[in-house]
>>> print(open('protein-v5.txt').read())   # compact mmCIF, N, CA and C atoms
# COMPACT_ATOMS: atom_id res chain seq x y z
N MET A 19 70.37 -86.49 79.39
CA MET A 19 70.98 -85.79 78.29
C MET A 19 71.77 -86.73 77.38
N GLU A 20 71.55 -88.01 77.53
CA GLU A 20 72.28 -88.97 76.72
C GLU A 20 71.82 -88.98 75.27
N ASN A 21 70.62 -88.49 74.99
CA ASN A 21 70.07 -88.54 73.64
C ASN A 21 70.54 -87.41 72.75
N GLN A 22 71.30 -86.45 73.28
CA GLN A 22 71.77 -85.35 72.46
C GLN A 22 72.83 -85.85 71.50
N LEU A 23 72.84 -85.22 70.31
CA LEU A 23 73.81 -85.62 69.30
C LEU A 23 75.18 -85.06 69.62
N ASN A 24 76.18 -85.88 69.52
CA ASN A 24 77.55 -85.45 69.72
C ASN A 24 78.21 -85.40 68.35
N PRO A 25 78.69 -84.22 67.92
CA PRO A 25 79.25 -84.12 66.57
C PRO A 25 80.49 -84.97 66.36
N GLN A 26 81.16 -85.39 67.42
CA GLN A 26 82.38 -86.18 67.25
C GLN A 26 82.08 -87.66 67.05
N GLU A 27 80.90 -88.09 67.45
CA GLU A 27 80.52 -89.48 67.24
C GLU A 27 80.08 -89.68 65.80
N SER A 28 80.14 -90.92 65.34
CA SER A 28 79.66 -91.18 63.98
C SER A 28 78.15 -91.01 63.95
N GLU A 29 77.66 -90.49 62.83
CA GLU A 29 76.23 -90.24 62.71
C GLU A 29 75.48 -91.56 62.55
N PRO A 30 74.36 -91.70 63.25
CA PRO A 30 73.57 -92.92 63.09
C PRO A 30 72.92 -92.93 61.71
N THR A 31 72.75 -94.09 61.16
CA THR A 31 72.15 -94.23 59.85
C THR A 31 70.67 -94.53 60.02
N VAL A 32 69.86 -93.77 59.32
CA VAL A 32 68.42 -94.00 59.32
C VAL A 32 68.03 -94.47 57.92
N ILE A 33 67.37 -95.57 57.88
CA ILE A 33 66.92 -96.11 56.60
C ILE A 33 65.43 -95.83 56.49
N LEU A 34 65.04 -95.20 55.39
CA LEU A 34 63.63 -94.89 55.18
C LEU A 34 62.94 -96.09 54.56
N ASN A 35 61.91 -96.60 55.27
CA ASN A 35 61.14 -97.70 54.68
C ASN A 35 60.11 -97.12 53.72
N ASN A 36 59.37 -97.98 53.05
CA ASN A 36 58.43 -97.53 52.03
C ASN A 36 57.31 -96.65 52.60
N ALA A 37 56.83 -96.98 53.79
CA ALA A 37 55.77 -96.17 54.40
C ALA A 37 56.28 -94.76 54.72
N MET A 38 57.52 -94.66 55.20
CA MET A 38 58.11 -93.35 55.49
C MET A 38 58.30 -92.55 54.20
N LYS A 39 58.80 -93.21 53.16
CA LYS A 39 59.00 -92.54 51.88
C LYS A 39 57.67 -92.03 51.32
N LYS A 40 56.65 -92.86 51.43
CA LYS A 40 55.32 -92.48 50.93
C LYS A 40 54.80 -91.26 51.70
N SER A 41 54.96 -91.28 53.01
CA SER A 41 54.50 -90.15 53.83
C SER A 41 55.27 -88.88 53.52
N PHE A 42 56.59 -88.99 53.39
CA PHE A 42 57.40 -87.82 53.04
C PHE A 42 57.03 -87.28 51.67
N PHE A 43 56.78 -88.18 50.73
CA PHE A 43 56.43 -87.73 49.38
C PHE A 43 55.08 -87.02 49.39
N GLU A 44 54.14 -87.54 50.17
CA GLU A 44 52.84 -86.88 50.28
C GLU A 44 52.97 -85.53 50.97
N MET A 45 53.81 -85.46 51.99
CA MET A 45 54.07 -84.16 52.64
C MET A 45 54.63 -83.16 51.62
N ALA A 46 55.52 -83.62 50.77
CA ALA A 46 56.13 -82.75 49.76
C ALA A 46 55.08 -82.26 48.77
N LYS A 47 54.16 -83.14 48.38
CA LYS A 47 53.11 -82.72 47.45
C LYS A 47 52.22 -81.65 48.08
N TRP A 48 51.82 -81.87 49.33
CA TRP A 48 50.96 -80.89 50.00
C TRP A 48 51.72 -79.58 50.25
N ALA A 49 52.99 -79.69 50.56
CA ALA A 49 53.79 -78.48 50.75
C ALA A 49 53.88 -77.68 49.46
N GLN A 50 53.98 -78.38 48.33
CA GLN A 50 54.02 -77.69 47.05
C GLN A 50 52.69 -76.98 46.78
N ILE A 51 51.58 -77.64 47.04
CA ILE A 51 50.27 -77.03 46.85
C ILE A 51 50.13 -75.79 47.73
N LEU A 52 50.49 -75.93 49.01
CA LEU A 52 50.37 -74.79 49.93
C LEU A 52 51.30 -73.64 49.54
N SER A 53 52.50 -73.96 49.06
CA SER A 53 53.42 -72.89 48.66
C SER A 53 52.93 -72.19 47.41
N ILE A 54 52.36 -72.92 46.48
CA ILE A 54 51.80 -72.28 45.28
C ILE A 54 50.64 -71.37 45.66
N ILE A 55 49.78 -71.83 46.55
CA ILE A 55 48.69 -70.98 47.03
C ILE A 55 49.26 -69.74 47.73
N GLY A 56 50.34 -69.93 48.48
CA GLY A 56 51.00 -68.80 49.14
C GLY A 56 51.55 -67.80 48.14
N PHE A 57 52.18 -68.29 47.07
CA PHE A 57 52.71 -67.39 46.04
C PHE A 57 51.58 -66.63 45.35
N ILE A 58 50.46 -67.32 45.10
CA ILE A 58 49.30 -66.65 44.51
C ILE A 58 48.79 -65.56 45.45
N GLY A 59 48.73 -65.88 46.75
CA GLY A 59 48.29 -64.90 47.73
C GLY A 59 49.21 -63.68 47.77
N ILE A 60 50.50 -63.91 47.69
CA ILE A 60 51.46 -62.81 47.67
C ILE A 60 51.26 -61.97 46.41
N GLY A 61 51.03 -62.64 45.28
CA GLY A 61 50.77 -61.92 44.03
C GLY A 61 49.52 -61.06 44.13
N LEU A 62 48.46 -61.62 44.72
CA LEU A 62 47.23 -60.84 44.90
C LEU A 62 47.44 -59.66 45.85
N LEU A 63 48.25 -59.87 46.87
CA LEU A 63 48.55 -58.80 47.80
C LEU A 63 49.32 -57.67 47.11
N ILE A 64 50.27 -58.04 46.28
CA ILE A 64 51.02 -57.02 45.53
C ILE A 64 50.10 -56.30 44.55
N TYR A 65 49.18 -57.03 43.92
CA TYR A 65 48.19 -56.41 43.04
C TYR A 65 47.34 -55.40 43.83
N LEU A 66 46.94 -55.79 45.04
CA LEU A 66 46.18 -54.89 45.91
C LEU A 66 46.98 -53.63 46.24
N ILE A 67 48.27 -53.81 46.49
CA ILE A 67 49.14 -52.67 46.79
C ILE A 67 49.17 -51.71 45.60
N ILE A 68 49.27 -52.25 44.40
CA ILE A 68 49.30 -51.40 43.20
C ILE A 68 47.98 -50.64 43.05
N ILE A 69 46.87 -51.34 43.27
CA ILE A 69 45.56 -50.68 43.19
C ILE A 69 45.44 -49.60 44.25
N LEU A 70 45.82 -49.93 45.48
CA LEU A 70 45.74 -48.94 46.56
C LEU A 70 46.61 -47.73 46.26
N PHE A 71 47.80 -47.99 45.79
CA PHE A 71 48.74 -46.90 45.56
C PHE A 71 48.30 -46.01 44.42
N SER A 72 47.76 -46.58 43.37
CA SER A 72 47.43 -45.76 42.20
C SER A 72 45.99 -45.24 42.24
N GLY A 73 45.05 -46.12 42.37
CA GLY A 73 43.65 -45.72 42.25
C GLY A 73 43.09 -44.99 43.45
N PHE A 74 43.30 -45.53 44.63
CA PHE A 74 42.69 -44.95 45.81
C PHE A 74 43.37 -43.68 46.28
N SER A 75 44.61 -43.46 45.84
CA SER A 75 45.27 -42.22 46.25
C SER A 75 44.54 -41.02 45.67
N ARG A 76 44.05 -41.15 44.44
CA ARG A 76 43.26 -40.06 43.85
C ARG A 76 41.95 -39.90 44.58
N PHE A 77 41.33 -41.02 44.96
CA PHE A 77 40.05 -40.97 45.65
C PHE A 77 40.19 -40.34 47.03
N SER A 78 41.21 -40.74 47.79
CA SER A 78 41.37 -40.21 49.14
C SER A 78 41.77 -38.74 49.13
N ASN A 79 42.52 -38.32 48.10
CA ASN A 79 42.88 -36.90 48.00
C ASN A 79 41.66 -36.06 47.69
N SER A 80 40.73 -36.58 46.88
CA SER A 80 39.54 -35.82 46.56
C SER A 80 38.58 -35.77 47.74
N MET A 81 38.62 -36.77 48.60
CA MET A 81 37.73 -36.80 49.77
C MET A 81 38.30 -35.97 50.92
N GLY A 82 39.58 -35.68 50.88
CA GLY A 82 40.18 -34.79 51.87
C GLY A 82 40.41 -35.40 53.24
N GLY A 83 41.01 -36.55 53.34
CA GLY A 83 41.32 -37.07 54.67
C GLY A 83 41.57 -38.56 54.65
N GLY A 84 41.60 -39.13 55.84
CA GLY A 84 41.82 -40.55 55.97
C GLY A 84 43.30 -40.88 56.12
N ILE A 85 43.56 -42.15 56.21
CA ILE A 85 44.94 -42.62 56.33
C ILE A 85 45.59 -42.52 54.95
N PRO A 86 46.78 -41.96 54.88
CA PRO A 86 47.45 -41.88 53.57
C PRO A 86 47.65 -43.27 52.98
N THR A 87 47.37 -43.38 51.69
CA THR A 87 47.48 -44.69 51.04
C THR A 87 48.91 -45.20 51.02
N ILE A 88 49.89 -44.31 51.13
CA ILE A 88 51.28 -44.78 51.16
C ILE A 88 51.54 -45.60 52.42
N LEU A 89 50.89 -45.24 53.53
CA LEU A 89 51.05 -46.02 54.77
C LEU A 89 50.40 -47.40 54.63
N ILE A 90 49.20 -47.42 54.07
CA ILE A 90 48.50 -48.69 53.90
C ILE A 90 49.27 -49.58 52.92
N SER A 91 49.73 -48.98 51.82
CA SER A 91 50.50 -49.74 50.83
C SER A 91 51.79 -50.27 51.43
N SER A 92 52.46 -49.46 52.22
CA SER A 92 53.71 -49.89 52.86
C SER A 92 53.46 -51.05 53.82
N PHE A 93 52.38 -50.97 54.58
CA PHE A 93 52.03 -52.04 55.50
C PHE A 93 51.82 -53.35 54.75
N TYR A 94 51.02 -53.31 53.68
CA TYR A 94 50.76 -54.52 52.91
C TYR A 94 52.01 -55.04 52.22
N LEU A 95 52.90 -54.14 51.80
CA LEU A 95 54.16 -54.58 51.19
C LEU A 95 55.02 -55.31 52.21
N ILE A 96 55.07 -54.81 53.43
CA ILE A 96 55.84 -55.47 54.49
C ILE A 96 55.25 -56.85 54.79
N VAL A 97 53.92 -56.93 54.84
CA VAL A 97 53.26 -58.22 55.07
C VAL A 97 53.60 -59.20 53.95
N ALA A 98 53.57 -58.73 52.70
CA ALA A 98 53.88 -59.60 51.56
C ALA A 98 55.33 -60.09 51.62
N LEU A 99 56.24 -59.20 51.98
CA LEU A 99 57.65 -59.59 52.07
C LEU A 99 57.89 -60.59 53.20
N ILE A 100 57.21 -60.39 54.32
CA ILE A 100 57.34 -61.32 55.45
C ILE A 100 56.77 -62.68 55.07
N TYR A 101 55.64 -62.69 54.38
CA TYR A 101 54.98 -63.94 53.98
C TYR A 101 55.77 -64.69 52.92
N LEU A 102 56.62 -63.97 52.19
CA LEU A 102 57.40 -64.60 51.13
C LEU A 102 58.40 -65.62 51.68
N PHE A 103 59.01 -65.33 52.83
CA PHE A 103 60.04 -66.22 53.38
C PHE A 103 59.52 -67.63 53.66
N PRO A 104 58.46 -67.79 54.48
CA PRO A 104 58.03 -69.16 54.75
C PRO A 104 57.45 -69.85 53.51
N THR A 105 56.84 -69.07 52.63
CA THR A 105 56.28 -69.67 51.41
C THR A 105 57.39 -70.23 50.53
N TYR A 106 58.45 -69.46 50.36
CA TYR A 106 59.57 -69.92 49.53
C TYR A 106 60.27 -71.12 50.18
N ARG A 107 60.45 -71.09 51.50
CA ARG A 107 61.09 -72.21 52.18
C ARG A 107 60.24 -73.48 52.08
N LEU A 108 58.92 -73.32 52.14
CA LEU A 108 58.04 -74.47 51.99
C LEU A 108 58.14 -75.05 50.58
N PHE A 109 58.25 -74.17 49.59
CA PHE A 109 58.43 -74.62 48.22
C PHE A 109 59.76 -75.36 48.07
N GLN A 110 60.82 -74.83 48.70
CA GLN A 110 62.12 -75.51 48.65
C GLN A 110 62.06 -76.88 49.31
N PHE A 111 61.36 -76.96 50.45
CA PHE A 111 61.19 -78.26 51.11
C PHE A 111 60.58 -79.27 50.15
N SER A 112 59.52 -78.85 49.48
CA SER A 112 58.84 -79.73 48.54
C SER A 112 59.77 -80.19 47.43
N LYS A 113 60.49 -79.24 46.86
CA LYS A 113 61.38 -79.56 45.74
C LYS A 113 62.48 -80.52 46.17
N TYR A 114 63.17 -80.20 47.28
CA TYR A 114 64.28 -81.03 47.73
C TYR A 114 63.83 -82.40 48.21
N MET A 115 62.67 -82.46 48.86
CA MET A 115 62.19 -83.75 49.36
C MET A 115 61.83 -84.67 48.21
N LYS A 116 61.12 -84.15 47.22
CA LYS A 116 60.79 -84.99 46.06
C LYS A 116 62.06 -85.47 45.35
N GLU A 117 62.99 -84.54 45.16
CA GLU A 117 64.26 -84.89 44.51
C GLU A 117 65.00 -85.95 45.31
N GLY A 118 65.07 -85.77 46.61
CA GLY A 118 65.81 -86.70 47.46
C GLY A 118 65.18 -88.08 47.49
N LEU A 119 63.85 -88.13 47.51
CA LEU A 119 63.18 -89.43 47.55
C LEU A 119 63.25 -90.15 46.20
N LEU A 120 63.09 -89.40 45.12
CA LEU A 120 63.11 -90.02 43.80
C LEU A 120 64.50 -90.51 43.41
N GLU A 121 65.54 -89.77 43.83
CA GLU A 121 66.91 -90.11 43.46
C GLU A 121 67.69 -90.75 44.60
N SER A 122 67.04 -91.02 45.73
CA SER A 122 67.69 -91.55 46.93
C SER A 122 68.91 -90.72 47.30
N ASP A 123 68.71 -89.40 47.29
CA ASP A 123 69.78 -88.44 47.57
C ASP A 123 69.66 -87.95 49.01
N GLU A 124 70.56 -88.41 49.85
CA GLU A 124 70.53 -88.07 51.27
C GLU A 124 70.74 -86.58 51.50
N GLU A 125 71.60 -85.97 50.70
CA GLU A 125 71.88 -84.54 50.85
C GLU A 125 70.63 -83.70 50.55
N ALA A 126 69.87 -84.09 49.53
CA ALA A 126 68.65 -83.36 49.18
C ALA A 126 67.61 -83.51 50.28
N ILE A 127 67.50 -84.70 50.85
CA ILE A 127 66.55 -84.91 51.96
C ILE A 127 66.97 -84.07 53.16
N THR A 128 68.26 -83.99 53.43
CA THR A 128 68.76 -83.16 54.52
C THR A 128 68.42 -81.69 54.29
N LEU A 129 68.63 -81.21 53.06
CA LEU A 129 68.27 -79.82 52.73
C LEU A 129 66.77 -79.60 52.90
N ALA A 130 65.97 -80.57 52.50
CA ALA A 130 64.51 -80.45 52.64
C ALA A 130 64.12 -80.31 54.11
N ILE A 131 64.68 -81.15 54.94
CA ILE A 131 64.36 -81.10 56.38
C ILE A 131 64.81 -79.77 56.98
N GLU A 132 65.96 -79.26 56.55
CA GLU A 132 66.43 -77.97 57.04
C GLU A 132 65.49 -76.84 56.62
N ARG A 133 64.96 -76.92 55.39
CA ARG A 133 64.01 -75.90 54.93
C ARG A 133 62.72 -75.96 55.74
N LEU A 134 62.25 -77.15 56.02
CA LEU A 134 61.03 -77.30 56.81
C LEU A 134 61.26 -76.81 58.24
N LYS A 135 62.45 -77.08 58.78
CA LYS A 135 62.79 -76.59 60.12
C LYS A 135 62.73 -75.07 60.16
N SER A 136 63.23 -74.40 59.12
CA SER A 136 63.21 -72.94 59.11
C SER A 136 61.78 -72.40 59.02
N VAL A 137 60.89 -73.13 58.35
CA VAL A 137 59.48 -72.72 58.31
C VAL A 137 58.88 -72.78 59.71
N PHE A 138 59.13 -73.88 60.41
CA PHE A 138 58.60 -74.01 61.77
C PHE A 138 59.21 -72.99 62.72
N LYS A 139 60.49 -72.73 62.55
CA LYS A 139 61.15 -71.73 63.38
C LYS A 139 60.53 -70.35 63.15
N PHE A 140 60.29 -70.01 61.89
CA PHE A 140 59.67 -68.74 61.54
C PHE A 140 58.27 -68.63 62.15
N ILE A 141 57.47 -69.68 62.00
CA ILE A 141 56.12 -69.68 62.56
C ILE A 141 56.17 -69.53 64.08
N GLY A 142 57.13 -70.19 64.72
CA GLY A 142 57.28 -70.08 66.17
C GLY A 142 57.63 -68.66 66.61
N VAL A 143 58.56 -68.03 65.91
CA VAL A 143 58.96 -66.66 66.26
C VAL A 143 57.80 -65.69 66.05
N VAL A 144 57.10 -65.83 64.93
CA VAL A 144 55.95 -64.95 64.65
C VAL A 144 54.86 -65.15 65.70
N THR A 145 54.61 -66.40 66.07
CA THR A 145 53.61 -66.68 67.10
C THR A 145 53.99 -66.04 68.43
N LEU A 146 55.25 -66.16 68.82
CA LEU A 146 55.70 -65.54 70.07
C LEU A 146 55.57 -64.02 70.00
N LEU A 147 55.88 -63.43 68.85
CA LEU A 147 55.74 -61.98 68.70
C LEU A 147 54.29 -61.55 68.83
N PHE A 148 53.37 -62.30 68.23
CA PHE A 148 51.95 -61.97 68.35
C PHE A 148 51.48 -62.10 69.79
N ILE A 149 51.92 -63.13 70.49
CA ILE A 149 51.55 -63.28 71.90
C ILE A 149 52.06 -62.09 72.70
N LEU A 150 53.30 -61.68 72.43
CA LEU A 150 53.87 -60.52 73.11
C LEU A 150 53.05 -59.26 72.83
N VAL A 151 52.67 -59.06 71.58
CA VAL A 151 51.86 -57.89 71.22
C VAL A 151 50.51 -57.94 71.94
N TYR A 152 49.87 -59.12 71.98
CA TYR A 152 48.60 -59.25 72.67
C TYR A 152 48.74 -58.93 74.16
N VAL A 153 49.79 -59.43 74.78
CA VAL A 153 50.01 -59.15 76.20
C VAL A 153 50.21 -57.65 76.42
N LEU A 154 51.00 -57.01 75.55
CA LEU A 154 51.21 -55.57 75.68
C LEU A 154 49.92 -54.79 75.47
N ILE A 155 49.08 -55.22 74.55
CA ILE A 155 47.79 -54.55 74.33
C ILE A 155 46.90 -54.70 75.56
N ILE A 156 46.88 -55.89 76.14
CA ILE A 156 46.07 -56.11 77.35
C ILE A 156 46.57 -55.24 78.50
N ILE A 157 47.89 -55.18 78.68
CA ILE A 157 48.45 -54.33 79.74
C ILE A 157 48.12 -52.87 79.48
N PHE A 158 48.30 -52.44 78.24
CA PHE A 158 48.02 -51.05 77.87
C PHE A 158 46.54 -50.72 78.10
N ALA A 159 45.66 -51.63 77.72
CA ALA A 159 44.21 -51.42 77.91
C ALA A 159 43.88 -51.40 79.41
N ALA A 160 44.51 -52.24 80.21
CA ALA A 160 44.24 -52.26 81.65
C ALA A 160 44.70 -50.95 82.29
N VAL A 161 45.85 -50.45 81.87
CA VAL A 161 46.34 -49.19 82.41
C VAL A 161 45.44 -48.05 82.02
N LEU A 162 44.98 -48.01 80.78
CA LEU A 162 44.11 -46.93 80.32
C LEU A 162 42.75 -46.97 81.01
N THR A 163 42.21 -48.14 81.25
CA THR A 163 40.89 -48.23 81.90
C THR A 163 40.99 -47.91 83.40
N SER A 164 42.16 -48.06 83.98
CA SER A 164 42.29 -47.75 85.40
C SER A 164 42.48 -46.26 85.66
N LEU A 165 42.74 -45.49 84.60
CA LEU A 165 42.92 -44.04 84.79
C LEU A 165 41.65 -43.32 84.95
>>> encode(input="protein-v5.txt", output="structure tokens")
Amino acid sequence: MENQLNPQESEPTVILNNAMKKSFFEMAKWAQILSIIGFIGIGLLIYLIIILFSGFSRFSNSMGGGIPTILISSFYLIVALIYLFPTYRLFQFSKYMKEGLLESDEEAITLAIERLKSVFKFIGVVTLLFILVYVLIIIFAAVLTSL
């Protein structure tokens, strides 16, 4: 446990060499591309919600059944809102990292790393939740098939 950071000790200084700066800058560029694609995806999802809510509600009412479009629209809205968090944090990582590297701003680089950490934390929590849901589905299916 000697490698853990002690807040009372002075912080070690890390100097970024040119190869590290180049790699971080490239990471920031790719993060920006991925975040822009994510924002476009969220926009398309919201467009789909509008279409579902307005157009298909008339169609489903005339057909007399099915899942209410308000439920489907609500589900997609929740998905869009959940997807917004990591996309925005990834965009912030890109912005702060580029700023920090171009201006040699340690605080901006720290903010960038914190934003990237939150993206990974979010992905980890969502992954664990999906694994939990899969396990519950398997247990539920096993119980139902044994009846």
>>> residues_around(input="protein-v5.txt", residues="segment 123-140 of chain A", least_positions_apart="6", cutoff="7 Å", atoms="all atoms listed in the file", output="ChimeraX atom specification")
/A:103-104,107-108,110-115,117
>>> residues_near_point(input="protein-v5.txt", point="(48.5, -47.0, 50.9)", cutoff="8 Å", atoms="all atoms listed in the file", output="list in words")
Ile67, Ile69, Leu70, Phe71, Ser72, Phe74, Ser75, Ile85, Pro86, Thr87, Ile88, Leu89, Ile90, Ser91, Ser92, Phe93 and Tyr94 of chain A
>>> write_last_selection(input="protein-v5.txt", atoms="N, CA and C atoms", output="short mmCIF file (atom, residue, chain, number, x, y, z; two decimals), in the frame of the given file")
data_model
loop_
_atom_site.label_atom_id
_atom_site.label_comp_id
_atom_site.auth_asym_id
_atom_site.auth_seq_id
_atom_site.Cartn_x
_atom_site.Cartn_y
_atom_site.Cartn_z
N ILE A 67 48.27 -53.81 46.49
CA ILE A 67 49.14 -52.67 46.79
C ILE A 67 49.17 -51.71 45.60
N ILE A 69 46.87 -51.34 43.27
CA ILE A 69 45.56 -50.68 43.19
C ILE A 69 45.44 -49.60 44.25
N LEU A 70 45.82 -49.93 45.48
CA LEU A 70 45.74 -48.94 46.56
C LEU A 70 46.61 -47.73 46.26
N PHE A 71 47.80 -47.99 45.79
CA PHE A 71 48.74 -46.90 45.56
C PHE A 71 48.30 -46.01 44.42
N SER A 72 47.76 -46.58 43.37
CA SER A 72 47.43 -45.76 42.20
C SER A 72 45.99 -45.24 42.24
N PHE A 74 43.30 -45.53 44.63
CA PHE A 74 42.69 -44.95 45.81
C PHE A 74 43.37 -43.68 46.28
N SER A 75 44.61 -43.46 45.84
CA SER A 75 45.27 -42.22 46.25
C SER A 75 44.54 -41.02 45.67
N ILE A 85 43.56 -42.15 56.21
CA ILE A 85 44.94 -42.62 56.33
C ILE A 85 45.59 -42.52 54.95
N PRO A 86 46.78 -41.96 54.88
CA PRO A 86 47.45 -41.88 53.57
C PRO A 86 47.65 -43.27 52.98
N THR A 87 47.37 -43.38 51.69
CA THR A 87 47.48 -44.69 51.04
C THR A 87 48.91 -45.20 51.02
N ILE A 88 49.89 -44.31 51.13
CA ILE A 88 51.28 -44.78 51.16
C ILE A 88 51.54 -45.60 52.42
N LEU A 89 50.89 -45.24 53.53
CA LEU A 89 51.05 -46.02 54.77
C LEU A 89 50.40 -47.40 54.63
N ILE A 90 49.20 -47.42 54.07
CA ILE A 90 48.50 -48.69 53.90
C ILE A 90 49.27 -49.58 52.92
N SER A 91 49.73 -48.98 51.82
CA SER A 91 50.50 -49.74 50.83
C SER A 91 51.79 -50.27 51.43
N SER A 92 52.46 -49.46 52.22
CA SER A 92 53.71 -49.89 52.86
C SER A 92 53.46 -51.05 53.82
N PHE A 93 52.38 -50.97 54.58
CA PHE A 93 52.03 -52.04 55.50
C PHE A 93 51.82 -53.35 54.75
N TYR A 94 51.02 -53.31 53.68
CA TYR A 94 50.76 -54.52 52.91
C TYR A 94 52.01 -55.04 52.22
#
>>> residues_around(input="protein-v5.txt", residues="Tyr101 of chain A", least_positions_apart="2", cutoff="12 Å", atoms="only C-alpha atoms", output="ChimeraX atom specification")
/A:53,55-61,63-64,94-99,103-108,137,140-141,144
>>> write_last_selection(input="protein-v5.txt", atoms="N, CA and C atoms", output="mmCIF file, in the coordinates of the input")
data_model
loop_
_atom_site.group_PDB
_atom_site.id
_atom_site.type_symbol
_atom_site.label_atom_id
_atom_site.label_comp_id
_atom_site.auth_asym_id
_atom_site.auth_seq_id
_atom_site.Cartn_x
_atom_site.Cartn_y
_atom_site.Cartn_z
ATOM 1 N N SER A 53 52.500 -73.960 49.060
ATOM 2 C CA SER A 53 53.420 -72.890 48.660
ATOM 3 C C SER A 53 52.930 -72.190 47.410
ATOM 4 N N ILE A 55 49.780 -71.830 46.550
ATOM 5 C CA ILE A 55 48.690 -70.980 47.030
ATOM 6 C C ILE A 55 49.260 -69.740 47.730
ATOM 7 N N GLY A 56 50.340 -69.930 48.480
ATOM 8 C CA GLY A 56 51.000 -68.800 49.140
ATOM 9 C C GLY A 56 51.550 -67.800 48.140
ATOM 10 N N PHE A 57 52.180 -68.290 47.070
ATOM 11 C CA PHE A 57 52.710 -67.390 46.040
ATOM 12 C C PHE A 57 51.580 -66.630 45.350
ATOM 13 N N ILE A 58 50.460 -67.320 45.100
ATOM 14 C CA ILE A 58 49.300 -66.650 44.510
ATOM 15 C C ILE A 58 48.790 -65.560 45.450
ATOM 16 N N GLY A 59 48.730 -65.880 46.750
ATOM 17 C CA GLY A 59 48.290 -64.900 47.730
ATOM 18 C C GLY A 59 49.210 -63.680 47.770
ATOM 19 N N ILE A 60 50.500 -63.910 47.690
ATOM 20 C CA ILE A 60 51.460 -62.810 47.670
ATOM 21 C C ILE A 60 51.260 -61.970 46.410
ATOM 22 N N GLY A 61 51.030 -62.640 45.280
ATOM 23 C CA GLY A 61 50.770 -61.920 44.030
ATOM 24 C C GLY A 61 49.520 -61.060 44.130
ATOM 25 N N LEU A 63 48.250 -59.870 46.870
ATOM 26 C CA LEU A 63 48.550 -58.800 47.800
ATOM 27 C C LEU A 63 49.320 -57.670 47.110
ATOM 28 N N ILE A 64 50.270 -58.040 46.280
ATOM 29 C CA ILE A 64 51.020 -57.020 45.530
ATOM 30 C C ILE A 64 50.100 -56.300 44.550
ATOM 31 N N TYR A 94 51.020 -53.310 53.680
ATOM 32 C CA TYR A 94 50.760 -54.520 52.910
ATOM 33 C C TYR A 94 52.010 -55.040 52.220
ATOM 34 N N LEU A 95 52.900 -54.140 51.800
ATOM 35 C CA LEU A 95 54.160 -54.580 51.190
ATOM 36 C C LEU A 95 55.020 -55.310 52.210
ATOM 37 N N ILE A 96 55.070 -54.810 53.430
ATOM 38 C CA ILE A 96 55.840 -55.470 54.490
ATOM 39 C C ILE A 96 55.250 -56.850 54.790
ATOM 40 N N VAL A 97 53.920 -56.930 54.840
ATOM 41 C CA VAL A 97 53.260 -58.220 55.070
ATOM 42 C C VAL A 97 53.600 -59.200 53.950
ATOM 43 N N ALA A 98 53.570 -58.730 52.700
ATOM 44 C CA ALA A 98 53.880 -59.600 51.560
ATOM 45 C C ALA A 98 55.330 -60.090 51.620
ATOM 46 N N LEU A 99 56.240 -59.200 51.980
ATOM 47 C CA LEU A 99 57.650 -59.590 52.070
ATOM 48 C C LEU A 99 57.890 -60.590 53.200
ATOM 49 N N PHE A 103 59.010 -65.330 52.830
ATOM 50 C CA PHE A 103 60.040 -66.220 53.380
ATOM 51 C C PHE A 103 59.520 -67.630 53.660
ATOM 52 N N PRO A 104 58.460 -67.790 54.480
ATOM 53 C CA PRO A 104 58.030 -69.160 54.750
ATOM 54 C C PRO A 104 57.450 -69.850 53.510
ATOM 55 N N THR A 105 56.840 -69.070 52.630
ATOM 56 C CA THR A 105 56.280 -69.670 51.410
ATOM 57 C C THR A 105 57.390 -70.230 50.530
ATOM 58 N N TYR A 106 58.450 -69.460 50.360
ATOM 59 C CA TYR A 106 59.570 -69.920 49.530
ATOM 60 C C TYR A 106 60.270 -71.120 50.180
ATOM 61 N N ARG A 107 60.450 -71.090 51.500
ATOM 62 C CA ARG A 107 61.090 -72.210 52.180
ATOM 63 C C ARG A 107 60.240 -73.480 52.080
ATOM 64 N N LEU A 108 58.920 -73.320 52.140
ATOM 65 C CA LEU A 108 58.040 -74.470 51.990
ATOM 66 C C LEU A 108 58.140 -75.050 50.580
ATOM 67 N N VAL A 137 60.890 -73.130 58.350
ATOM 68 C CA VAL A 137 59.480 -72.720 58.310
ATOM 69 C C VAL A 137 58.880 -72.780 59.710
ATOM 70 N N PHE A 140 60.290 -70.010 61.890
ATOM 71 C CA PHE A 140 59.670 -68.740 61.540
ATOM 72 C C PHE A 140 58.270 -68.630 62.150
ATOM 73 N N ILE A 141 57.470 -69.680 62.000
ATOM 74 C CA ILE A 141 56.120 -69.680 62.560
ATOM 75 C C ILE A 141 56.170 -69.530 64.080
ATOM 76 N N VAL A 144 57.100 -65.830 64.930
ATOM 77 C CA VAL A 144 55.950 -64.950 64.650
ATOM 78 C C VAL A 144 54.860 -65.150 65.700
#
>>> atom_distance(input="protein-v5.txt", atom1="atom N of Phe158 of chain A", atom2="atom N of Gly142 of chain A")
24.0 Å
